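Chemist: As input, take work02.cif (mmCIF, C-alpha atoms and all ligand atoms):
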```cif
data_input
loop_
_atom_site.label_atom_id
_atom_site.label_comp_id
_atom_site.auth_asym_id
_atom_site.auth_seq_id
_atom_site.Cartn_x
_atom_site.Cartn_y
_atom_site.Cartn_z
CA MET A 243 78.13 158.01 45.44
CA PHE A 244 78.43 155.39 42.71
CA ILE A 245 81.02 152.67 42.39
CA ASN A 246 81.42 150.95 39.06
CA LEU A 247 81.51 147.19 39.60
CA SER A 248 81.63 146.04 36.00
CA ASP A 249 85.25 144.94 36.38
CA VAL A 250 84.52 142.84 39.49
CA LEU A 251 81.36 141.38 37.96
CA THR A 252 83.02 140.34 34.74
CA SER A 253 86.61 139.43 35.70
CA GLU A 254 86.97 136.05 37.31
CA ASP A 255 88.55 135.96 40.79
CA ARG A 256 88.87 139.72 40.87
CA VAL A 257 88.89 141.23 44.36
CA LEU A 258 88.59 144.94 44.86
CA THR A 259 89.10 146.62 48.21
CA MET A 260 88.16 150.20 48.75
CA GLN A 261 87.19 152.76 51.30
CA THR A 262 84.77 155.54 50.59
CA GLU A 263 83.12 158.45 52.35
CA THR A 264 79.39 158.96 52.13
CA ASP A 265 77.70 162.33 52.15
CA MET A 266 74.63 161.04 53.98
CA THR A 267 73.65 163.44 56.77
CA GLU A 268 70.29 162.01 57.80
CA VAL A 269 67.93 159.11 57.24
CA SER A 270 64.16 159.01 57.02
CA ILE A 271 62.57 156.05 58.72
CA GLY A 272 58.87 155.62 59.32
CA GLY A 273 58.16 159.26 58.46
CA GLN A 274 60.77 160.53 60.93
CA THR A 275 64.12 162.08 60.08
CA PHE A 276 67.18 161.15 62.09
CA GLN A 277 70.44 163.08 61.92
CA ILE A 278 73.66 161.19 61.39
CA LEU A 279 76.01 162.67 63.99
CA LYS A 280 79.11 160.65 63.21
CA LYS A 281 80.11 158.23 60.50
CA SER A 282 83.15 156.26 59.59
CA PRO A 283 84.26 155.74 56.03
CA VAL A 284 82.64 152.70 54.44
CA ARG A 285 85.06 149.81 53.93
CA PHE A 286 84.21 147.63 50.98
CA VAL A 287 85.52 144.39 49.62
CA PHE A 288 84.09 143.33 46.28
CA THR A 289 84.77 139.76 45.31
CA ASN A 290 83.99 138.10 42.03
CA THR A 291 82.28 134.76 42.67
CA GLY A 292 81.74 133.53 39.13
CA LYS A 293 80.44 134.63 35.78
CA ASN A 294 78.59 137.92 36.27
CA LYS A 295 78.38 137.38 40.02
CA ALA A 296 80.03 139.08 42.95
CA VAL A 297 79.73 139.59 46.68
CA ILE A 298 79.77 142.97 48.35
CA ASP A 299 81.17 142.94 51.86
CA GLY A 300 80.88 146.20 53.69
CA GLN A 301 81.46 147.72 57.08
CA ALA A 302 80.74 151.12 58.57
CA GLU A 303 79.87 152.75 61.86
CA MET A 304 77.27 155.47 62.17
CA THR A 305 75.91 157.39 65.11
CA PHE A 306 72.33 158.61 64.95
CA ALA A 307 70.43 161.19 66.95
CA MET A 308 67.35 159.48 68.36
CA ASN A 309 64.81 160.00 71.10
CA CYS A 310 63.83 157.70 73.92
CA ASP A 311 60.50 156.09 73.07
CA ARG A 312 59.23 156.63 76.61
CA CYS A 313 60.59 159.95 77.90
CA LEU A 314 61.53 161.51 74.52
CA GLN A 315 64.95 162.54 75.83
CA SER A 316 67.42 162.90 72.97
CA LEU A 317 70.18 160.35 72.82
CA GLU A 318 72.85 158.99 70.53
CA ARG A 319 72.97 155.47 69.19
CA GLU A 320 75.89 153.96 67.39
CA MET A 321 75.18 151.37 64.77
CA ASN A 322 77.74 148.95 63.45
CA LEU A 323 76.83 148.07 59.95
CA GLN A 324 78.32 144.88 58.64
CA PHE A 325 76.88 143.25 55.62
CA SER A 326 77.43 140.85 52.79
CA ARG A 327 75.31 140.97 49.67
CA GLU A 328 75.37 138.89 46.55
CA ILE A 329 74.89 140.74 43.33
CA HIS A 330 74.75 139.82 39.70
CA ALA A 331 75.36 141.69 36.48
CA PRO A 332 72.36 143.22 34.76
CA GLU A 333 70.57 141.13 32.15
CA PRO A 334 71.98 141.77 28.66
CA ASP A 335 68.54 142.79 27.39
CA GLY A 336 68.07 145.31 30.14
CA GLY A 337 66.16 142.95 32.36
CA LEU A 338 63.01 142.81 30.24
CA SER A 339 62.88 139.03 30.43
CA LYS A 340 63.32 139.02 34.19
CA THR A 341 61.87 135.94 35.77
CA ALA A 342 59.79 136.22 38.92
CA ASP A 343 62.83 134.92 40.74
CA ALA A 344 65.09 137.70 39.56
CA ALA A 345 62.48 140.33 40.42
CA ASP A 346 62.32 138.92 43.92
CA ASP A 347 65.93 139.37 44.83
CA ASP A 348 66.67 142.75 46.29
CA GLN A 349 69.23 144.52 44.22
CA SER A 350 67.56 147.91 44.28
CA PHE A 351 70.89 149.52 45.21
CA MET A 352 72.39 148.52 41.86
CA GLU A 353 71.89 150.58 38.76
CA GLY A 354 73.24 148.45 36.01
CA TYR A 355 76.88 147.86 36.94
CA GLN A 356 76.90 150.82 39.30
CA LEU A 357 76.57 150.41 43.03
CA ASN A 358 74.63 153.21 44.69
CA VAL A 359 76.43 153.36 48.04
CA GLU A 360 73.78 155.46 49.78
CA ASP A 361 70.94 153.16 48.70
CA LEU A 362 72.86 150.14 49.95
CA LEU A 363 73.64 151.81 53.29
CA TYR A 364 70.05 152.95 53.70
CA ASN A 365 68.91 149.36 53.18
CA GLU A 366 71.29 148.15 55.86
CA ILE A 367 70.32 150.91 58.28
CA MET A 368 66.64 149.98 57.86
CA ILE A 369 67.41 146.32 58.59
CA ASN A 370 69.40 147.23 61.71
CA TRP A 371 67.14 149.98 63.00
CA PRO A 372 66.12 149.28 66.61
CA ARG A 373 62.43 148.57 67.20
CA LYS A 374 62.58 150.19 70.56
CA VAL A 375 64.88 152.98 71.70
CA LEU A 376 65.19 153.57 75.43
CA CYS A 377 67.55 155.93 77.24
CA LYS A 378 67.95 153.17 79.84
CA PRO A 379 66.25 149.79 80.22
CA ASP A 380 64.09 150.93 83.12
CA CYS A 381 63.13 154.36 81.81
CA LYS A 382 59.99 155.43 83.64
CA GLY A 383 58.74 157.63 80.81
CA ILE A 384 56.73 160.79 81.22
CA CYS A 385 53.55 161.40 83.21
CA MET A 386 50.53 161.08 80.95
CA GLN A 387 48.85 163.91 82.81
CA CYS A 388 51.43 166.63 83.41
CA GLY A 389 54.24 165.53 81.07
CA LYS A 390 56.91 165.45 83.75
CA ASP A 391 59.89 163.18 83.13
CA LEU A 392 59.30 160.55 85.81
CA ASN A 393 62.99 159.61 85.81
CA THR A 394 63.64 162.87 87.65
CA GLY A 395 61.13 162.08 90.38
CA SER A 396 57.39 161.59 90.72
CA CYS A 397 55.03 164.46 89.99
CA GLY A 398 52.29 163.74 92.48
CA CYS A 399 49.59 163.36 89.85
CA ASP A 400 46.84 160.88 90.67
CA THR A 401 47.83 158.11 88.30
CA PHE A 402 45.67 155.52 90.02
CA VAL A 403 44.10 153.30 87.38
CA PRO A 404 40.99 151.66 88.76
CA ASP A 405 41.03 147.92 88.37
CA PRO A 406 37.62 146.88 87.00
CA ARG A 407 37.56 143.86 89.31
CA MET A 408 38.10 146.13 92.30
CA ALA A 409 35.30 148.38 91.09
CA VAL A 410 32.85 145.46 91.23
CA ILE A 411 33.89 144.62 94.79
CA LYS A 412 33.54 148.27 95.71
CA ASP A 413 30.01 148.32 94.26
CA ILE A 414 29.03 145.28 96.32
CA PHE A 415 30.57 146.85 99.37
CA ASN A 416 28.70 150.11 98.82
CA ALA A 417 25.44 148.26 98.16
CA ASN A 418 25.82 146.39 101.47
CA LYS A 419 26.51 149.60 103.28
CA GLU A 420 23.24 151.11 102.08
CA VAL A 421 21.20 148.27 103.62
ZN ZN B 1 63.76 157.51 78.53
ZN ZN B 2 52.12 164.19 86.49
#
```
Output the structure of this file as structure tokens.

Modeler:
Amino acid sequence: MFINLSDVLTSEDRVLTMQTETDMTEVSIGGQTFQILKKSPVRFVFTNTGKNKAVIDGQAEMTFAMNCDRCLQSLEREMNLQFSREIHAPEPDGGLSKTADAADDDQSFMEGYQLNVEDLLYNEIMINWPRKVLCKPDCKGICMQCGKDLNTGSCGCDTFVPDPRMAVIKDIFNANKEV
């Protein structure tokens, strides 16, 4: 979905409000694909802020299908996207004389005067993506030995992890016993 912003970028004090649907159905993050279960329309306000400059304000809600990092149970997470991005019109010469500064600013979602809505949303989703996803704060995860979901009860596996300091004491104890 492209929105032409040439009018907003070139007309002083122009404000453009619009609402648009996106056809995104999934996102790929870190090699994993996540389904978008629900999404609101994207509300945009484009505001001219000077010669060849504008600000994109946007808002949208999306619900993603995720998995708990510990027990792998599937769950839904709603994300409220709210963002404000400054943009500028493309260089008249096609950007060939771009300074290092201009190359640094992230406007990868703009193609000339056209806003690529999906690229912009993807950017925002990446920024807001949770580092850790848990079904509940105290999720116990799954047993490393039998794979049982430990939230549903313990499995009876021997999960005793020997403490190396204890092992030393045990050795001394055993050595004494042999005397
Ligand atoms: Zn969990
Ligand atoms: Zn187990």

Chemist: Name the residues, by chain letter and number, that sit within 7 Å of ligand ZN 1 (chain B) using all atoms listed in the file, and give them as number ranges by chain.

Modeler: A: 310-315, 376-378, 381-383

Chemist: Please, which residues have at least one atom within 7 Å of an atom of ligand ZN 2 (chain B), using all atoms listed in the file, listed as JSON, numbers by chain?

Modeler: {"A": [385, 386, 387, 388, 389, 390, 397, 398, 399]}

Chemist: Which residues are near Ser350 in chain A? Cut-off 9 Å, all atoms listed in the file, ignore same chain within fewer than 4 positions. Put them as a ChimeraX atom specification.

Modeler: /A:358,361-362

Chemist: With only C-alpha atoms counted, which protein, DNA or RNA residues have an atom no more than 12 Å from (88.6, 151.4, 49.9) in the file frame? Please answer as a PyMOL selection string.

Modeler: chain A and resi 245+257-263+283-288+299-302

Chemist: Any idea what the distance is between CA of Lys280 in chain A and CA of Glu320 in chain A?

Modeler: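 CA of Lys280 in chain A sits 8.5 Å away from CA of Glu320 in chain A.
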
Chemist: Could you work out how far CA of Ile278 in chain A lies from CA of Leu392 in chain A, giving the answer in Å with one decimal?

Modeler: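 Going from CA of Leu392 in chain A over to CA of Ile278 in chain A, I get 28.3 Å.
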
Chemist: Report the distance between CA of Ile367 in chain A and CA of Glu328 in chain A in Å, rounded to one decimal place.

Modeler: 17.5 Å

Chemist: For each of A:Ser253, A:Gln274, A:Ser326, A:Asn309, take the minimum atom-to-atom distance to Lys293 in chain A, counting all atoms listed in the file, then give the residue where this is smallest.

Modeler: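 Counting all atoms listed in the file, the residue closest to Lys293 in chain A is A:Ser253.
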
Chemist: Counting all atoms listed in the file, which of A:Leu357, A:Met243, A:Ile369, A:Ala307 gets nearest to Thr264 in chain A?

Modeler: A:Met243

Chemist: Considering only C-alpha atoms, state which residue in the set A:Met352, A:Ile384, A:Val269, A:Ala331 is at the smallest distance from Trp371 in chain A.

Modeler: A:Val269
